[in-house]
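Undergrad: Just query_16.pdb, nothing more (PDB, C-alpha atoms):
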ATOM      1  CA  MET A   5       7.621  -9.864  19.832
ATOM      2  CA  ALA A   6       4.514  -9.410  17.671
ATOM      3  CA  PHE A   7       4.688 -11.230  14.351
ATOM      4  CA  SER A   8       4.219  -7.965  12.443
ATOM      5  CA  ASP A   9       7.348  -6.611  14.141
ATOM      6  CA  ARG A  10       9.270  -9.725  13.159
ATOM      7  CA  LEU A  11       8.241  -9.163   9.552
ATOM      8  CA  LEU A  12       9.315  -5.527   9.707
ATOM      9  CA  ASP A  13      12.684  -6.588  11.104
ATOM     10  CA  ASP A  14      13.094  -8.977   8.165
ATOM     11  CA  GLY A  15      12.144  -6.196   5.782
ATOM     12  CA  GLU A  16      14.345  -3.487   7.295
ATOM     13  CA  PRO A  17      16.829  -3.357   4.354
ATOM     14  CA  ILE A  18      13.904  -2.867   1.960
ATOM     15  CA  TRP A  19      12.467  -0.096   4.128
ATOM     16  CA  GLU A  20      15.834   1.660   4.198
ATOM     17  CA  ALA A  21      16.014   1.428   0.417
ATOM     18  CA  GLN A  22      12.557   3.006   0.176
ATOM     19  CA  TYR A  23      13.557   5.869   2.453
ATOM     20  CA  ASP A  24      16.559   6.575   0.219
ATOM     21  CA  HIS A  25      14.635   6.407  -3.050
ATOM     22  CA  PRO A  26      14.929   9.645  -5.093
ATOM     23  CA  PHE A  27      11.138   9.785  -5.479
ATOM     24  CA  VAL A  28      10.731   9.835  -1.704
ATOM     25  CA  ARG A  29      13.476  12.365  -1.010
ATOM     26  CA  GLU A  30      12.444  14.727  -3.799
ATOM     27  CA  LEU A  31       8.715  14.538  -3.072
ATOM     28  CA  ALA A  32       9.441  15.352   0.566
ATOM     29  CA  THR A  33      11.137  18.630  -0.361
ATOM     30  CA  GLY A  34       8.790  19.510  -3.219
ATOM     31  CA  GLU A  35      11.545  19.113  -5.811
ATOM     32  CA  LEU A  36      10.113  16.054  -7.556
ATOM     33  CA  ASP A  37       9.686  16.404 -11.325
ATOM     34  CA  PRO A  38       5.928  16.754 -11.977
ATOM     35  CA  ALA A  39       6.229  14.133 -14.730
ATOM     36  CA  ALA A  40       7.439  11.606 -12.151
ATOM     37  CA  PHE A  41       4.492  12.356  -9.862
ATOM     38  CA  ARG A  42       2.090  12.087 -12.787
ATOM     39  CA  HIS A  43       3.540   8.646 -13.544
ATOM     40  CA  TRP A  44       2.966   7.623  -9.922
ATOM     41  CA  VAL A  45      -0.637   8.906 -10.016
ATOM     42  CA  GLU A  46      -1.364   6.941 -13.182
ATOM     43  CA  GLN A  47       0.268   3.731 -12.021
ATOM     44  CA  ASP A  48      -1.035   3.847  -8.457
ATOM     45  CA  TYR A  49      -4.562   4.443  -9.733
ATOM     46  CA  ARG A  50      -4.346   1.212 -11.700
ATOM     47  CA  TYR A  51      -2.685  -0.516  -8.732
ATOM     48  CA  LEU A  52      -5.449   0.525  -6.350
ATOM     49  CA  LEU A  53      -8.148  -1.117  -8.458
ATOM     50  CA  ASP A  54      -6.472  -4.485  -7.907
ATOM     51  CA  TYR A  55      -5.595  -3.637  -4.301
ATOM     52  CA  ALA A  56      -9.331  -3.149  -3.683
ATOM     53  CA  ARG A  57     -10.059  -6.453  -5.438
ATOM     54  CA  THR A  58      -7.533  -8.150  -3.165
ATOM     55  CA  PHE A  59      -9.324  -6.903  -0.044
ATOM     56  CA  ALA A  60     -12.675  -7.949  -1.473
ATOM     57  CA  ILE A  61     -11.439 -11.489  -2.173
ATOM     58  CA  ALA A  62      -9.861 -11.605   1.284
ATOM     59  CA  GLY A  63     -13.252 -10.712   2.739
ATOM     60  CA  THR A  64     -14.751 -13.855   1.226
ATOM     61  CA  LYS A  65     -12.096 -15.959   2.970
ATOM     62  CA  ALA A  66     -12.502 -14.442   6.433
ATOM     63  CA  ARG A  67     -13.946 -16.852   8.973
ATOM     64  CA  ASP A  68     -15.542 -14.293  11.283
ATOM     65  CA  GLU A  69     -18.107 -11.625  10.534
ATOM     66  CA  ALA A  70     -16.117  -8.672  11.908
ATOM     67  CA  THR A  71     -13.056  -9.417   9.758
ATOM     68  CA  MET A  72     -15.185 -10.023   6.683
ATOM     69  CA  THR A  73     -17.037  -6.754   7.208
ATOM     70  CA  HIS A  74     -13.841  -4.800   7.692
ATOM     71  CA  LEU A  75     -12.039  -6.241   4.661
ATOM     72  CA  LEU A  76     -14.987  -5.555   2.378
ATOM     73  CA  GLY A  77     -15.238  -2.082   3.897
ATOM     74  CA  VAL A  78     -11.594  -1.391   3.072
ATOM     75  CA  ALA A  79     -12.226  -2.384  -0.540
ATOM     76  CA  HIS A  80     -15.029   0.174  -0.674
ATOM     77  CA  THR A  81     -12.925   2.866   1.029
ATOM     78  CA  VAL A  82     -10.077   2.409  -1.455
ATOM     79  CA  LEU A  83     -12.482   2.775  -4.383
ATOM     80  CA  ASP A  84     -14.494   5.618  -2.883
ATOM     81  CA  GLU A  85     -11.923   7.728  -1.024
ATOM     82  CA  GLU A  86      -8.301   6.904  -1.835
ATOM     83  CA  MET A  87      -8.904   6.773  -5.570
ATOM     84  CA  GLU A  88     -10.784  10.060  -5.365
ATOM     85  CA  LEU A  89      -7.587  11.677  -4.080
ATOM     86  CA  HIS A  90      -5.801  10.274  -7.117
ATOM     87  CA  ARG A  91      -8.499  11.716  -9.374
ATOM     88  CA  GLU A  92      -7.889  15.108  -7.758
ATOM     89  CA  PHE A  93      -4.134  14.793  -8.328
ATOM     90  CA  ALA A  94      -4.788  13.721 -11.914
ATOM     91  CA  ALA A  95      -7.043  16.719 -12.559
ATOM     92  CA  ASP A  96      -4.037  18.965 -11.882
ATOM     93  CA  TYR A  97      -2.480  17.418 -15.000
ATOM     94  CA  GLY A  98      -5.635  17.660 -17.073
ATOM     95  CA  LEU A  99      -6.299  13.932 -16.758
ATOM     96  CA  THR A 100      -9.863  12.652 -16.556
ATOM     97  CA  PRO A 101     -11.006   9.429 -14.850
ATOM     98  CA  ALA A 102     -11.298   7.932 -18.331
ATOM     99  CA  ASP A 103      -7.673   8.843 -18.987
ATOM    100  CA  LEU A 104      -6.630   7.068 -15.787
ATOM    101  CA  GLU A 105      -8.595   3.946 -16.638
ATOM    102  CA  ALA A 106      -6.891   3.814 -20.041
ATOM    103  CA  VAL A 107      -3.356   3.897 -18.590
ATOM    104  CA  GLU A 108      -1.238   0.854 -19.370
ATOM    105  CA  LYS A 109       0.394  -0.685 -16.330
ATOM    106  CA  ALA A 110       4.171  -0.588 -16.140
ATOM    107  CA  PRO A 111       5.813  -4.031 -15.802
ATOM    108  CA  THR A 112       6.462  -3.638 -12.080
ATOM    109  CA  CYS A 113       2.839  -2.661 -11.483
ATOM    110  CA  VAL A 114       1.749  -5.732 -13.455
ATOM    111  CA  ALA A 115       4.027  -7.941 -11.365
ATOM    112  CA  TYR A 116       2.845  -6.466  -8.072
ATOM    113  CA  THR A 117      -0.887  -6.600  -8.785
ATOM    114  CA  ASN A 118      -0.622 -10.070 -10.305
ATOM    115  CA  PHE A 119       1.136 -11.259  -7.159
ATOM    116  CA  LEU A 120      -1.521  -9.746  -4.889
ATOM    117  CA  LEU A 121      -4.405 -11.210  -6.858
ATOM    118  CA  ARG A 122      -2.791 -14.637  -7.141
ATOM    119  CA  THR A 123      -2.184 -14.641  -3.394
ATOM    120  CA  ALA A 124      -5.789 -13.552  -2.809
ATOM    121  CA  HIS A 125      -7.198 -16.316  -5.031
ATOM    122  CA  GLU A 126      -4.822 -19.132  -4.084
ATOM    123  CA  GLY A 127      -3.482 -18.231  -0.641
ATOM    124  CA  SER A 128      -4.879 -18.378   2.858
ATOM    125  CA  ILE A 129      -6.188 -15.395   4.796
ATOM    126  CA  ALA A 130      -2.848 -15.376   6.644
ATOM    127  CA  GLU A 131      -0.852 -15.082   3.413
ATOM    128  CA  ILE A 132      -3.158 -12.359   2.120
ATOM    129  CA  ALA A 133      -2.775 -10.387   5.354
ATOM    130  CA  ALA A 134       1.006 -10.532   5.018
ATOM    131  CA  ALA A 135       0.903  -9.616   1.324
ATOM    132  CA  ILE A 136      -1.196  -6.464   1.790
ATOM    133  CA  TYR A 137       0.660  -5.267   4.883
ATOM    134  CA  PRO A 138       3.767  -3.737   3.186
ATOM    135  CA  CYS A 139       1.677  -1.286   1.176
ATOM    136  CA  GLY A 140      -0.066   0.186   4.196
ATOM    137  CA  GLN A 141       2.837   0.155   6.638
ATOM    138  CA  GLY A 142       5.287   1.200   3.923
ATOM    139  CA  TYR A 143       3.268   4.236   2.868
ATOM    140  CA  LEU A 144       2.830   5.345   6.477
ATOM    141  CA  ASP A 145       6.515   4.963   7.307
ATOM    142  CA  VAL A 146       7.681   6.622   4.087
ATOM    143  CA  ALA A 147       5.212   9.502   4.510
ATOM    144  CA  GLU A 148       6.438  10.052   8.067
ATOM    145  CA  ARG A 149       9.983  10.203   6.720
ATOM    146  CA  MET A 150       8.832  12.707   4.094
ATOM    147  CA  ALA A 151       7.228  14.839   6.798
ATOM    148  CA  ASP A 152      10.541  14.904   8.663
ATOM    149  CA  LEU A 153      12.518  15.825   5.536
ATOM    150  CA  GLY A 154      10.240  18.529   4.149
ATOM    151  CA  ASP A 155       8.605  21.712   5.395
ATOM    152  CA  GLY A 156       5.127  20.663   4.220
ATOM    153  CA  ASP A 157       4.561  23.807   2.140
ATOM    154  CA  HIS A 158       4.672  22.633  -1.475
ATOM    155  CA  ARG A 159       2.486  21.056  -4.181
ATOM    156  CA  TYR A 160       2.948  17.524  -2.832
ATOM    157  CA  ALA A 161       1.880  18.321   0.723
ATOM    158  CA  PRO A 162      -1.565  16.650   0.269
ATOM    159  CA  PHE A 163       0.222  13.343  -0.407
ATOM    160  CA  VAL A 164       2.122  13.536   2.876
ATOM    161  CA  GLU A 165      -0.977  14.697   4.754
ATOM    162  CA  LYS A 166      -3.079  11.822   3.367
ATOM    163  CA  TYR A 167      -0.624   9.114   4.339
ATOM    164  CA  THR A 168       0.211  10.507   7.785
ATOM    165  CA  GLY A 169      -3.406  11.329   8.683
ATOM    166  CA  GLU A 170      -5.319   9.659  11.484
ATOM    167  CA  ALA A 171      -7.637   7.752   9.161
ATOM    168  CA  PHE A 172      -4.716   6.143   7.373
ATOM    169  CA  ARG A 173      -2.932   5.434  10.666
ATOM    170  CA  ASP A 174      -6.043   3.647  11.913
ATOM    171  CA  ALA A 175      -6.217   1.606   8.705
ATOM    172  CA  VAL A 176      -2.596   0.518   9.042
ATOM    173  CA  ALA A 177      -3.068  -0.333  12.723
ATOM    174  CA  TRP A 178      -5.907  -2.676  11.768
ATOM    175  CA  MET A 179      -3.770  -4.328   9.090
ATOM    176  CA  ARG A 180      -1.020  -4.855  11.659
ATOM    177  CA  GLU A 181      -3.523  -6.383  14.078
ATOM    178  CA  LEU A 182      -4.770  -8.737  11.357
ATOM    179  CA  VAL A 183      -1.210  -9.887  10.645
ATOM    180  CA  ASP A 184      -0.635 -10.479  14.358
ATOM    181  CA  ARG A 185      -3.892 -12.400  14.774
ATOM    182  CA  CYS A 186      -3.042 -14.597  11.794
ATOM    183  CA  GLY A 187       0.470 -15.117  13.135
ATOM    184  CA  GLU A 188      -0.955 -16.326  16.435
ATOM    185  CA  ARG A 189      -3.702 -18.520  14.962
ATOM    186  CA  TYR A 190      -1.674 -20.111  12.173
ATOM    187  CA  PRO A 191       1.908 -20.658  13.372
ATOM    188  CA  GLY A 192       2.408 -23.242  10.641
ATOM    189  CA  GLU A 193       2.014 -20.475   8.058
ATOM    190  CA  HIS A 194       4.765 -18.191   9.341
ATOM    191  CA  ASP A 195       7.158 -19.063   6.524
ATOM    192  CA  ALA A 196       4.500 -18.503   3.860
ATOM    193  CA  MET A 197       3.496 -15.220   5.485
ATOM    194  CA  ARG A 198       7.107 -14.050   5.609
ATOM    195  CA  GLU A 199       7.619 -14.869   1.935
ATOM    196  CA  ALA A 200       4.422 -13.067   0.940
ATOM    197  CA  PHE A 201       5.398 -10.038   3.021
ATOM    198  CA  LEU A 202       8.916  -9.795   1.599
ATOM    199  CA  THR A 203       7.735 -10.274  -1.986
ATOM    200  CA  SER A 204       5.225  -7.437  -1.648
ATOM    201  CA  ALA A 205       7.819  -5.263   0.097
ATOM    202  CA  ARG A 206      10.308  -5.737  -2.742
ATOM    203  CA  LEU A 207       7.651  -4.900  -5.305
ATOM    204  CA  GLU A 208       6.544  -1.896  -3.241
ATOM    205  CA  HIS A 209      10.093  -0.565  -3.336
TER     206      HIS A 209
END
Would you mind writing the structure in this file as structure tokens?

TA:
Amino acid sequence: MAFSDRLLDDGEPIWEAQYDHPFVRELATGELDPAAFRHWVEQDYRYLLDYARTFAIAGTKARDEATMTHLLGVAHTVLDEEMELHREFAADYGLTPADLEAVEKAPTCVAYTNFLLRTAHEGSIAEIAAAIYPCGQGYLDVAERMADLGDGDHRYAPFVEKYTGEAFRDAVAWMRELVDRCGERYPGEHDAMREAFLTSARLEH
């Protein structure tokens, strides 16, 4: 079994809790309170800045050129493309980029981003790979669940389309491959990788 699959097995209860979260169920059907989605836009915008930083730091720790190039490329893609989608969502609420940058992080967002950045600065490339994996795989899996629950014809459809699209699927597949490569190369780090994965998964939920 691939190491990424072993991690997902360990995290199955957390995944099930995410699937059952009211935000997920109500967004899927278009019934989510717009104020709740606005809160997500604001918080995730601030989260993504540090998520991009995490990939950039990871790039400096990569030992091969291809991995370094890809990690730094992901950091750029998050800043250039994924955050642009958030700016478009925010514009629907009359929020400007300056408004988003001025948002104060909620405590859970602080905890999550602090954990990612600490892992990036202090951890190995294997720990970082495990720590960033729940965000990508979690969003893909949750968005697929949303697509199954909803009819796709409501104001939140662009969210589901973004996180079930081919570009995002390719990004998650690469993250999974990185986790598996690290699991194979650094068997002595399996426990640390598992702990990093589960901590991020809990914070993601």

Undergrad: Go through A:Tyr137, A:Phe7, A:Trp44, A:Tyr160 one by one, measure the shortest atom-to-atom distance of each to Lys109 in chain A using all atoms listed in the file, and give the residue with the smallest value.

TA: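 For Lys109 in chain A, the nearest of the candidates is A:Trp44.
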
Undergrad: As an exercise, work out the distance from CA of Arg10 in chain A to CA of Met150 in chain A in Å and give it to one decimal place.

TA: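 Atom-to-atom, CA of Arg10 in chain A to CA of Met150 in chain A, that is 24.2 Å.
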
Undergrad: Assuming the chain letters and numbering stay as they are in my file, what does the PyMOL selection byres ((chain A and resi 79) around 6) actually select? List them as a VMD selection string.

TA: chain A and resid 56 59 to 60 76 to 78 80 to 82

Undergrad: Of the candidates A:Glu208, A:Asp24, A:Asp152, A:Glu86, which shows the shortest atom-to-atom distance to Tyr167 in chain A, using only C-alpha atoms?

TA: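 Ranked by minimum distance to Tyr167 in chain A, first place goes to A:Glu86.
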
Undergrad: Which polymer residues, whether protein, DNA or RNA, lie within 12 Å of the coordinate (11.5, 13.9, 7.7) when you count only C-alpha atoms? List them as a PyMOL selection string, using the chain letters and numbers from the file.

TA: chain A and resi 23-24+28-33+145-156+164+168

Undergrad: Just checking: using all atoms listed in the file, which residue out of A:Leu144, A:Glu131, A:Phe93, A:Gln47 ends up closest to Val107 in chain A?

TA: A:Gln47

Undergrad: Using all atoms listed in the file, which residue out of A:Met5, A:Ala161, A:Leu202, A:Ile132 lies closest to Ile61 in chain A?

TA: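 Nearest to Ile61 in chain A: A:Ile132.
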
Undergrad: I'd like to see the residues matched by the PyMOL selection byres ((chain A and resi 184) around 12) on this file, and ideally I'd get them as a ChimeraX atom specification.

TA: /A:5-11,130-131,133-134,137,177-183,185-191,194,197

Undergrad: On this structure, the PyMOL selection byres ((chain A and resi 112-118) around 7) would catch which residues? List them as a VMD selection string, sorted by chain and number.

TA: chain A and resid 47 51 54 109 to 111 119 to 122 204 207

Undergrad: Quote the spacing between CA of Ala62 in chain A and CA of Leu75 in chain A in Å to one decimal place.

TA: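 So the two atoms, CA of Ala62 in chain A and CA of Leu75 in chain A, lie 6.7 Å apart.
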
Undergrad: Counting all atoms listed in the file, which residue out of A:Gly140, A:His74, A:Arg57, A:Pro38 sits closest to Asp96 in chain A?

TA: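 The answer is A:Pro38, which sits nearest to Asp96 in chain A.
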
Undergrad: N, CA, C and O atoms for range 101-116 of chain A, written as an mmCIF file, keeping the file's coordinate frame, could you do that?

TA:
data_model
loop_
_atom_site.group_PDB
_atom_site.id
_atom_site.type_symbol
_atom_site.label_atom_id
_atom_site.label_comp_id
_atom_site.auth_asym_id
_atom_site.auth_seq_id
_atom_site.Cartn_x
_atom_site.Cartn_y
_atom_site.Cartn_z
ATOM 1 N N PRO A 101 -10.917 10.830 -15.288
ATOM 2 C CA PRO A 101 -11.006 9.429 -14.850
ATOM 3 C C PRO A 101 -10.875 8.450 -16.009
ATOM 4 O O PRO A 101 -10.273 7.377 -15.861
ATOM 5 N N ALA A 102 -11.423 8.814 -17.162
ATOM 6 C CA ALA A 102 -11.298 7.932 -18.331
ATOM 7 C C ALA A 102 -9.840 7.800 -18.763
ATOM 8 O O ALA A 102 -9.402 6.714 -19.174
ATOM 9 N N ASP A 103 -9.098 8.899 -18.657
ATOM 10 C CA ASP A 103 -7.673 8.843 -18.987
ATOM 11 C C ASP A 103 -6.951 7.878 -18.052
ATOM 12 O O ASP A 103 -6.095 7.093 -18.488
ATOM 13 N N LEU A 104 -7.277 7.941 -16.763
ATOM 14 C CA LEU A 104 -6.630 7.068 -15.787
ATOM 15 C C LEU A 104 -6.948 5.601 -16.061
ATOM 16 O O LEU A 104 -6.080 4.736 -15.969
ATOM 17 N N GLU A 105 -8.189 5.325 -16.388
ATOM 18 C CA GLU A 105 -8.595 3.946 -16.638
ATOM 19 C C GLU A 105 -7.933 3.378 -17.890
ATOM 20 O O GLU A 105 -7.797 2.147 -18.015
ATOM 21 N N ALA A 106 -7.505 4.270 -18.794
ATOM 22 C CA ALA A 106 -6.891 3.814 -20.041
ATOM 23 C C ALA A 106 -5.382 3.640 -19.921
ATOM 24 O O ALA A 106 -4.741 3.163 -20.867
ATOM 25 N N VAL A 107 -4.805 3.999 -18.773
ATOM 26 C CA VAL A 107 -3.356 3.897 -18.590
ATOM 27 C C VAL A 107 -2.918 2.433 -18.652
ATOM 28 O O VAL A 107 -3.563 1.553 -18.076
ATOM 29 N N GLU A 108 -1.816 2.199 -19.331
ATOM 30 C CA GLU A 108 -1.238 0.854 -19.370
ATOM 31 C C GLU A 108 -0.315 0.667 -18.177
ATOM 32 O O GLU A 108 0.527 1.531 -17.901
ATOM 33 N N LYS A 109 -0.459 -0.431 -17.487
ATOM 34 C CA LYS A 109 0.394 -0.685 -16.330
ATOM 35 C C LYS A 109 1.846 -0.872 -16.753
ATOM 36 O O LYS A 109 2.124 -1.538 -17.760
ATOM 37 N N ALA A 110 2.752 -0.316 -15.962
ATOM 38 C CA ALA A 110 4.171 -0.588 -16.140
ATOM 39 C C ALA A 110 4.450 -2.020 -15.681
ATOM 40 O O ALA A 110 3.691 -2.590 -14.888
ATOM 41 N N PRO A 111 5.537 -2.631 -16.155
ATOM 42 C CA PRO A 111 5.813 -4.031 -15.802
ATOM 43 C C PRO A 111 5.842 -4.315 -14.303
ATOM 44 O O PRO A 111 5.335 -5.348 -13.861
ATOM 45 N N THR A 112 6.415 -3.401 -13.520
ATOM 46 C CA THR A 112 6.462 -3.638 -12.080
ATOM 47 C C THR A 112 5.065 -3.616 -11.468
ATOM 48 O O THR A 112 4.753 -4.401 -10.571
ATOM 49 N N CYS A 113 4.214 -2.718 -11.971
ATOM 50 C CA CYS A 113 2.839 -2.661 -11.483
ATOM 51 C C CYS A 113 2.100 -3.940 -11.836
ATOM 52 O O CYS A 113 1.334 -4.478 -11.029
ATOM 53 N N VAL A 114 2.351 -4.452 -13.050
ATOM 54 C CA VAL A 114 1.749 -5.732 -13.455
ATOM 55 C C VAL A 114 2.198 -6.841 -12.504
ATOM 56 O O VAL A 114 1.383 -7.638 -12.015
ATOM 57 N N ALA A 115 3.496 -6.886 -12.232
ATOM 58 C CA ALA A 115 4.027 -7.941 -11.365
ATOM 59 C C ALA A 115 3.427 -7.855 -9.961
ATOM 60 O O ALA A 115 3.052 -8.884 -9.370
ATOM 61 N N TYR A 116 3.336 -6.652 -9.433
ATOM 62 C CA TYR A 116 2.845 -6.466 -8.072
ATOM 63 C C TYR A 116 1.368 -6.847 -7.972
ATOM 64 O O TYR A 116 0.964 -7.616 -7.089
#
